[in-house]
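Just below is one structure, and these are the notes that go with it.
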Amino acid sequence: MRLTSRSAKINPLFPSILELPFWLSLLLWAILPSTQTPWFEIESIPVNSKDLLLIAVACFYWLLPAIKNSAITACRQPWHYHLPILTIGMLLYAALSVTWSGMDERNSVAMLYTLILTISAFLLAYTRIGKMSPEFIRSFLWKVTVFLAAVGLLYSAESFFSLGLGTDNPYESDTFGIQRVRGPLFVSTTGFFILIPALAFSIEELVQSPTQRILKVTVVFSLILTILGLGSRAGLLILATFFILMLWMNKNKKQAAISLILVIVVTTTAALLFFSKAKTDRLQSLEDSSRSETYLTSFKILEHRDDNVNIFGSGYGSYWPWYIPDIEGSRQTNQYFDLVWNPYGPLLYHPHSTFLLLIVELGIPGLLYFFALWSVLGLLLLRHLQSAAFPILNCGVLASAFSMFFDFFIFRSAQVNTLWWLFLFAALALNFGLNSGSPNMNHPKKVESSK
């Protein structure tokens with residue numbers, strides 16, 4: 001196979017040097033404890049230095065094609081199905097809607113800042129994948145997956161052995177037996193959003209390639225162990241959804257059988273190990289009165305308010321100006337579960353649902369964006385519906401996206417969102433990018449042989 005891309009003609013060290021800002025930032029986000037992270041105040045808004053680093057790195061990779069005088073993407077358009085312009089348009093509308101949200105000046109500035117973080121996370125993921133040719137994407141994604149498995153193993157060890165690397169929560173020790181898995185990169189309520197796509201990709205690599213099987217099984221085990229250790233009921237539901245999609249949509253009987261055996265053996269082993277110390281009490285019920293009341297109040301808002309407000313939305317942050325309460329230590333002061341009252345009923349300080357925020361605060365434009373995003377996700381399944389092989393990564397990305405109905409992502413937890421967008425764009429590029437017409441798109445070795 002003759003490489004004709006520009007990247008093949010340059011020094012092999014050059015791509016590695018360009019990747020350093022991303023990997024060093026990822027390492028810092030994953031290892032540096034929150035208690036050691038510097039904070040700044042900008043316009044009276046407390047700002048985390050990790051978030052400032054995210055903005056800086058996103059700007060670097062966004063401007064890099066202009067600096068190198070090269071195209072932003074090596075993949076054939078429109079492999080991303082216009083998702084960048086749709087997302088940026090939605091975020092610009094959210095920024096405009098702040099003007100009619102009714103927030104005070106400090107909250108308005110804070111919520112605009114969250115949109116800067118949101119667009120930075122999105123652009124960082126898009127520029128990292130969009131500038132790669134598809135044959136390099138799998139290698140890059142595997143590195144990210146191994147990194148997440150190693151980080152998850154570290155966080156799990158801290159939880160299981162009580163190493164004292166984090167702050168103890170007596171409430172978790174009583175209800176879960178041990179501290180739930182969490183760390184600087186992700187916490188118990190957000191980790192599954194990125195760990196399940198990583199798990200999907202690791203299983204896909206294991207069943208499709210015979211090399212490095214011990215390493216790949218170890219990665220799969222570490223990711224499943226971490227997901228179980230999160231102690232998240234939503235995470236377990238999403239994990240079960242992924243397993244069902246993976247086995248149902250995969251038409252290759254051999255791969256489906258291998259995947260089923262792998263899932264049963266590894267999940268059982270991980271569960272026996274982790275729950276030898278942890279309790280299962282909190283996982284036996286899905287009841288959450290605070291979230292339920294928030295969801296009910298949200299639909300009452302939509303039912304009783306003026307139609308014009310439903311069309312254009314009440315404005316980003318109008319019901320959930322969440323950034324200041326989040327940053328000022330809501331969880332440490334036990335205000336996390338407190339309900340804020342409004343004329344329609346009680347609400348938590350953030351919606352615990354990306355879908356609810358979009359339809360309540362951004363109206364029809366938010367709803368249309370959500371439909372567009374899910375249309376793109378649906379295409380990942382339809383792409384290989386009739387073929388013998390089905391990329392397991394697609395199932396993991398789609399399954400994780402279901403959490404947007406009952407958890408708050410995209411706008412919150414910027415570093416987690418960066419990695420989720422990374423997996424989504426990688427799946428899109430591998431399925432709809434360069435040479436997308438080839439049935440062997442997801443297998444670099446087969447593409448080479450076909451040429």
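Residues are named by chain letter and number: chains run A, B, ... in the order of the structure tokens, numbers start at 1 in each chain, and ligands are numbered from 1 in the order shown.
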DSSP helix (DSSP H, G or I) selection over segment 89-249 of chain A, as a ChimeraX atom specification: /A:89-100,105-130,134-161,170-176,192-208,213-229,233-249
Next, dump the selected residues to file, keeping only C-alpha atoms, as a CSV table (one decimal), in the first residue's frame.
chain,number,residue,atom,x,y,z
A,89,GLY,CA,-25.5,26.9,15.9
A,90,MET,CA,-27.3,25.5,18.9
A,91,LEU,CA,-24.7,26.8,21.3
A,92,LEU,CA,-24.8,30.3,19.7
A,93,TYR,CA,-28.6,30.2,20.1
A,94,ALA,CA,-28.1,29.3,23.7
A,95,ALA,CA,-25.8,32.2,24.2
A,96,LEU,CA,-28.3,34.6,22.6
A,97,SER,CA,-31.1,33.2,24.7
A,98,VAL,CA,-29.2,34.3,27.9
A,99,THR,CA,-30.4,37.8,27.1
A,100,TRP,CA,-34.0,36.8,27.8
A,105,GLU,CA,-25.4,39.6,35.7
A,106,ARG,CA,-23.1,37.2,37.7
A,107,ASN,CA,-25.1,34.1,36.7
A,108,SER,CA,-25.4,35.3,33.1
A,109,VAL,CA,-21.6,35.6,32.8
A,110,ALA,CA,-21.2,32.2,34.5
A,111,MET,CA,-23.6,30.5,32.1
A,112,LEU,CA,-22.0,32.1,29.1
A,113,TYR,CA,-18.7,30.7,30.3
A,114,THR,CA,-20.2,27.2,30.5
A,115,LEU,CA,-21.0,27.5,26.8
A,116,ILE,CA,-17.4,28.4,26.0
A,117,LEU,CA,-16.4,25.2,27.8
A,118,THR,CA,-19.0,23.2,25.9
A,119,ILE,CA,-17.9,24.5,22.5
A,120,SER,CA,-14.2,24.0,23.5
A,121,ALA,CA,-14.9,20.3,24.4
A,122,PHE,CA,-16.7,19.8,21.1
A,123,LEU,CA,-14.1,21.5,18.9
A,124,LEU,CA,-11.2,19.7,20.6
A,125,ALA,CA,-12.7,16.3,19.8
A,126,TYR,CA,-13.7,17.3,16.3
A,127,THR,CA,-10.3,18.7,15.4
A,128,ARG,CA,-8.4,15.7,16.9
A,129,ILE,CA,-10.4,13.2,14.8
A,130,GLY,CA,-11.1,15.4,11.8
A,134,PRO,CA,-9.1,7.0,9.0
A,135,GLU,CA,-6.3,4.5,9.0
A,136,PHE,CA,-4.8,6.4,12.0
A,137,ILE,CA,-8.0,6.8,13.9
A,138,ARG,CA,-8.2,3.3,15.3
A,139,SER,CA,-4.7,3.5,16.7
A,140,PHE,CA,-5.4,6.8,18.3
A,141,LEU,CA,-8.7,5.6,19.8
A,142,TRP,CA,-7.0,2.4,21.1
A,143,LYS,CA,-4.5,4.6,23.0
A,144,VAL,CA,-7.4,6.6,24.5
A,145,THR,CA,-9.1,3.4,25.5
A,146,VAL,CA,-6.0,1.9,27.2
A,147,PHE,CA,-5.5,5.3,29.0
A,148,LEU,CA,-9.1,5.2,30.3
A,149,ALA,CA,-8.7,1.6,31.4
A,150,ALA,CA,-5.5,2.4,33.3
A,151,VAL,CA,-7.1,5.5,35.0
A,152,GLY,CA,-10.2,3.4,35.8
A,153,LEU,CA,-8.0,0.8,37.4
A,154,LEU,CA,-6.3,3.4,39.5
A,155,TYR,CA,-9.6,4.9,40.7
A,156,SER,CA,-10.9,1.4,41.4
A,157,ALA,CA,-7.9,0.5,43.5
A,158,GLU,CA,-8.3,3.7,45.5
A,159,SER,CA,-12.0,2.8,46.1
A,160,PHE,CA,-11.4,-0.9,46.8
A,161,PHE,CA,-8.3,-0.6,49.0
A,170,PRO,CA,-19.2,8.6,55.0
A,171,TYR,CA,-22.6,8.4,53.3
A,172,GLU,CA,-21.1,6.3,50.5
A,173,SER,CA,-19.3,4.0,52.9
A,174,ASP,CA,-22.7,3.3,54.7
A,175,THR,CA,-24.8,2.8,51.6
A,176,PHE,CA,-22.2,1.2,49.2
A,192,PHE,CA,-20.1,5.6,32.5
A,193,PHE,CA,-20.7,8.2,29.8
A,194,ILE,CA,-17.2,7.7,28.4
A,195,LEU,CA,-16.3,4.3,29.9
A,196,ILE,CA,-19.0,2.4,28.0
A,197,PRO,CA,-17.8,3.7,24.5
A,198,ALA,CA,-14.3,2.8,25.6
A,199,LEU,CA,-15.5,-0.7,26.6
A,200,ALA,CA,-17.3,-1.1,23.3
A,201,PHE,CA,-14.1,-0.3,21.3
A,202,SER,CA,-12.0,-2.6,23.4
A,203,ILE,CA,-14.4,-5.5,22.9
A,204,GLU,CA,-14.5,-4.7,19.1
A,205,GLU,CA,-10.7,-4.8,19.0
A,206,LEU,CA,-10.6,-8.1,20.9
A,207,VAL,CA,-13.1,-10.0,18.7
A,208,GLN,CA,-11.9,-8.6,15.4
A,213,ARG,CA,-5.3,-10.7,23.5
A,214,ILE,CA,-4.0,-10.6,27.1
A,215,LEU,CA,-3.8,-6.8,27.0
A,216,LYS,CA,-7.2,-6.4,25.4
A,217,VAL,CA,-8.9,-8.8,27.9
A,218,THR,CA,-7.2,-6.8,30.7
A,219,VAL,CA,-8.5,-3.5,29.3
A,220,VAL,CA,-12.1,-5.0,29.0
A,221,PHE,CA,-11.9,-6.3,32.6
A,222,SER,CA,-10.6,-3.0,33.9
A,223,LEU,CA,-13.4,-1.0,32.2
A,224,ILE,CA,-16.2,-3.3,33.4
A,225,LEU,CA,-14.7,-3.3,36.9
A,226,THR,CA,-14.7,0.5,36.9
A,227,ILE,CA,-18.2,0.8,35.6
A,228,LEU,CA,-19.5,-1.5,38.4
A,229,GLY,CA,-17.5,0.4,41.0
A,233,ARG,CA,-27.8,2.8,38.7
A,234,ALA,CA,-27.9,4.8,35.5
A,235,GLY,CA,-24.5,3.4,34.5
A,236,LEU,CA,-25.7,-0.2,35.0
A,237,LEU,CA,-28.8,0.4,32.9
A,238,ILE,CA,-26.7,1.9,30.1
A,239,LEU,CA,-24.2,-1.0,30.4
A,240,ALA,CA,-27.1,-3.5,30.0
A,241,THR,CA,-28.4,-1.5,27.1
A,242,PHE,CA,-25.0,-1.7,25.4
A,243,PHE,CA,-24.8,-5.5,25.9
A,244,ILE,CA,-28.3,-6.0,24.4
A,245,LEU,CA,-27.5,-3.7,21.4
A,246,MET,CA,-24.2,-5.4,20.8
A,247,LEU,CA,-25.6,-8.9,20.8
A,248,TRP,CA,-28.8,-8.0,18.9
A,249,MET,CA,-27.3,-5.9,16.1
Option closest in space to Leu419 of chain A, from A:Val397, A:Val265, A:Ala257, A:Leu163 [counting only C-alpha atoms]: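 Checking each candidate against Leu419 of chain A, we get A:Val397 as the closest.
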Expected answer as number ranges by chain: strand (DSSP E or B) residues in segment 186-385 of chain A: A: 340-342, 345-347
Can you list every residue of segment 276-359 of chain A that has an atom at most 8 Å from segment 363-386 of chain A, with its nearest atom pair and the distance in Å to one decimal, using only C-alpha atoms, ordered by chain then number, as CSV?
residue,atom,partner,partner_atom,distance
A:Val309,CA,A:Gly363,CA,7.3
A:Asn310,CA,A:Gly363,CA,5.2
A:Ile311,CA,A:Gly363,CA,5.0
A:Phe312,CA,A:Gly363,CA,4.8
A:Gly313,CA,A:Gly363,CA,3.8
A:Ser314,CA,A:Gly363,CA,7.3
A:Phe355,CA,A:Phe370,CA,7.2
A:Leu358,CA,A:Gly366,CA,4.5
A:Ile359,CA,A:Gly363,CA,4.6
Dump of all heavy atoms for the selected residues, as a PDB file, in the first residue's frame:
ATOM      1  N   VAL A 309     -43.198  31.036  24.475  1.00  0.00           N
ATOM      2  CA  VAL A 309     -42.060  30.648  25.303  1.00  0.00           C
ATOM      3  C   VAL A 309     -41.649  29.212  24.990  1.00  0.00           C
ATOM      4  O   VAL A 309     -40.462  28.889  24.942  1.00  0.00           O
ATOM      5  CB  VAL A 309     -42.390  30.807  26.800  1.00  0.00           C
ATOM      6  CG1 VAL A 309     -41.189  30.419  27.646  1.00  0.00           C
ATOM      7  CG2 VAL A 309     -42.801  32.236  27.105  1.00  0.00           C
ATOM      8  N   ASN A 310     -42.620  28.345  24.767  1.00  0.00           N
ATOM      9  CA  ASN A 310     -42.293  26.970  24.398  1.00  0.00           C
ATOM     10  C   ASN A 310     -41.574  26.898  23.060  1.00  0.00           C
ATOM     11  O   ASN A 310     -40.728  26.025  22.841  1.00  0.00           O
ATOM     12  CB  ASN A 310     -43.563  26.117  24.343  1.00  0.00           C
ATOM     13  CG  ASN A 310     -44.015  25.647  25.715  1.00  0.00           C
ATOM     14  OD1 ASN A 310     -43.208  25.554  26.634  1.00  0.00           O
ATOM     15  ND2 ASN A 310     -45.297  25.365  25.859  1.00  0.00           N
ATOM     16  N   ILE A 311     -41.905  27.807  22.155  1.00  0.00           N
ATOM     17  CA  ILE A 311     -41.272  27.800  20.828  1.00  0.00           C
ATOM     18  C   ILE A 311     -39.826  28.267  20.914  1.00  0.00           C
ATOM     19  O   ILE A 311     -38.910  27.616  20.388  1.00  0.00           O
ATOM     20  CB  ILE A 311     -42.063  28.680  19.848  1.00  0.00           C
ATOM     21  CG1 ILE A 311     -43.427  28.043  19.552  1.00  0.00           C
ATOM     22  CG2 ILE A 311     -41.276  28.873  18.548  1.00  0.00           C
ATOM     23  CD1 ILE A 311     -44.339  28.919  18.729  1.00  0.00           C
ATOM     24  N   PHE A 312     -39.602  29.390  21.571  1.00  0.00           N
ATOM     25  CA  PHE A 312     -38.254  29.976  21.594  1.00  0.00           C
ATOM     26  C   PHE A 312     -37.450  29.578  22.838  1.00  0.00           C
ATOM     27  O   PHE A 312     -36.244  29.807  22.885  1.00  0.00           O
ATOM     28  CB  PHE A 312     -38.345  31.510  21.517  1.00  0.00           C
ATOM     29  CG  PHE A 312     -38.928  32.009  20.232  1.00  0.00           C
ATOM     30  CD1 PHE A 312     -40.241  32.442  20.166  1.00  0.00           C
ATOM     31  CD2 PHE A 312     -38.171  32.017  19.073  1.00  0.00           C
ATOM     32  CE1 PHE A 312     -40.784  32.893  18.980  1.00  0.00           C
ATOM     33  CE2 PHE A 312     -38.704  32.461  17.875  1.00  0.00           C
ATOM     34  CZ  PHE A 312     -40.017  32.898  17.826  1.00  0.00           C
ATOM     35  N   GLY A 313     -38.102  29.002  23.831  1.00  0.00           N
ATOM     36  CA  GLY A 313     -37.425  28.637  25.066  1.00  0.00           C
ATOM     37  C   GLY A 313     -37.362  29.804  26.034  1.00  0.00           C
ATOM     38  O   GLY A 313     -37.426  30.970  25.639  1.00  0.00           O
ATOM     39  N   SER A 314     -37.232  29.480  27.306  1.00  0.00           N
ATOM     40  CA  SER A 314     -37.183  30.525  28.329  1.00  0.00           C
ATOM     41  C   SER A 314     -35.800  31.131  28.480  1.00  0.00           C
ATOM     42  O   SER A 314     -35.626  32.101  29.219  1.00  0.00           O
ATOM     43  CB  SER A 314     -37.641  29.939  29.678  1.00  0.00           C
ATOM     44  OG  SER A 314     -36.855  28.813  30.017  1.00  0.00           O
ATOM     45  N   PHE A 355     -31.843  16.396  27.660  1.00  0.00           N
ATOM     46  CA  PHE A 355     -33.068  16.546  26.873  1.00  0.00           C
ATOM     47  C   PHE A 355     -33.985  17.607  27.483  1.00  0.00           C
ATOM     48  O   PHE A 355     -34.516  18.474  26.775  1.00  0.00           O
ATOM     49  CB  PHE A 355     -33.791  15.207  26.788  1.00  0.00           C
ATOM     50  CG  PHE A 355     -35.143  15.268  26.127  1.00  0.00           C
ATOM     51  CD1 PHE A 355     -35.259  15.512  24.767  1.00  0.00           C
ATOM     52  CD2 PHE A 355     -36.299  15.099  26.873  1.00  0.00           C
ATOM     53  CE1 PHE A 355     -36.499  15.568  24.159  1.00  0.00           C
ATOM     54  CE2 PHE A 355     -37.546  15.155  26.277  1.00  0.00           C
ATOM     55  CZ  PHE A 355     -37.647  15.399  24.914  1.00  0.00           C
ATOM     56  N   LEU A 358     -32.716  21.190  26.933  1.00  0.00           N
ATOM     57  CA  LEU A 358     -32.886  21.643  25.554  1.00  0.00           C
ATOM     58  C   LEU A 358     -34.318  22.058  25.265  1.00  0.00           C
ATOM     59  O   LEU A 358     -34.562  23.090  24.633  1.00  0.00           O
ATOM     60  CB  LEU A 358     -32.442  20.547  24.580  1.00  0.00           C
ATOM     61  CG  LEU A 358     -30.935  20.279  24.516  1.00  0.00           C
ATOM     62  CD1 LEU A 358     -30.648  19.050  23.668  1.00  0.00           C
ATOM     63  CD2 LEU A 358     -30.189  21.483  23.956  1.00  0.00           C
ATOM     64  N   ILE A 359     -35.304  21.287  25.728  1.00  0.00           N
ATOM     65  CA  ILE A 359     -36.688  21.615  25.372  1.00  0.00           C
ATOM     66  C   ILE A 359     -37.283  22.694  26.278  1.00  0.00           C
ATOM     67  O   ILE A 359     -38.146  23.455  25.845  1.00  0.00           O
ATOM     68  CB  ILE A 359     -37.584  20.359  25.385  1.00  0.00           C
ATOM     69  CG1 ILE A 359     -37.651  19.732  26.784  1.00  0.00           C
ATOM     70  CG2 ILE A 359     -37.106  19.354  24.353  1.00  0.00           C
ATOM     71  CD1 ILE A 359     -38.632  18.582  26.877  1.00  0.00           C
TER      72      ILE A 359
END
Atom CA of Trp320 of chain A to atom CA of Pro84 of chain A, distance in Å rounded to a single decimal: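 We find that atom CA of Trp320 of chain A and atom CA of Pro84 of chain A lie 25.3 Å from each other.
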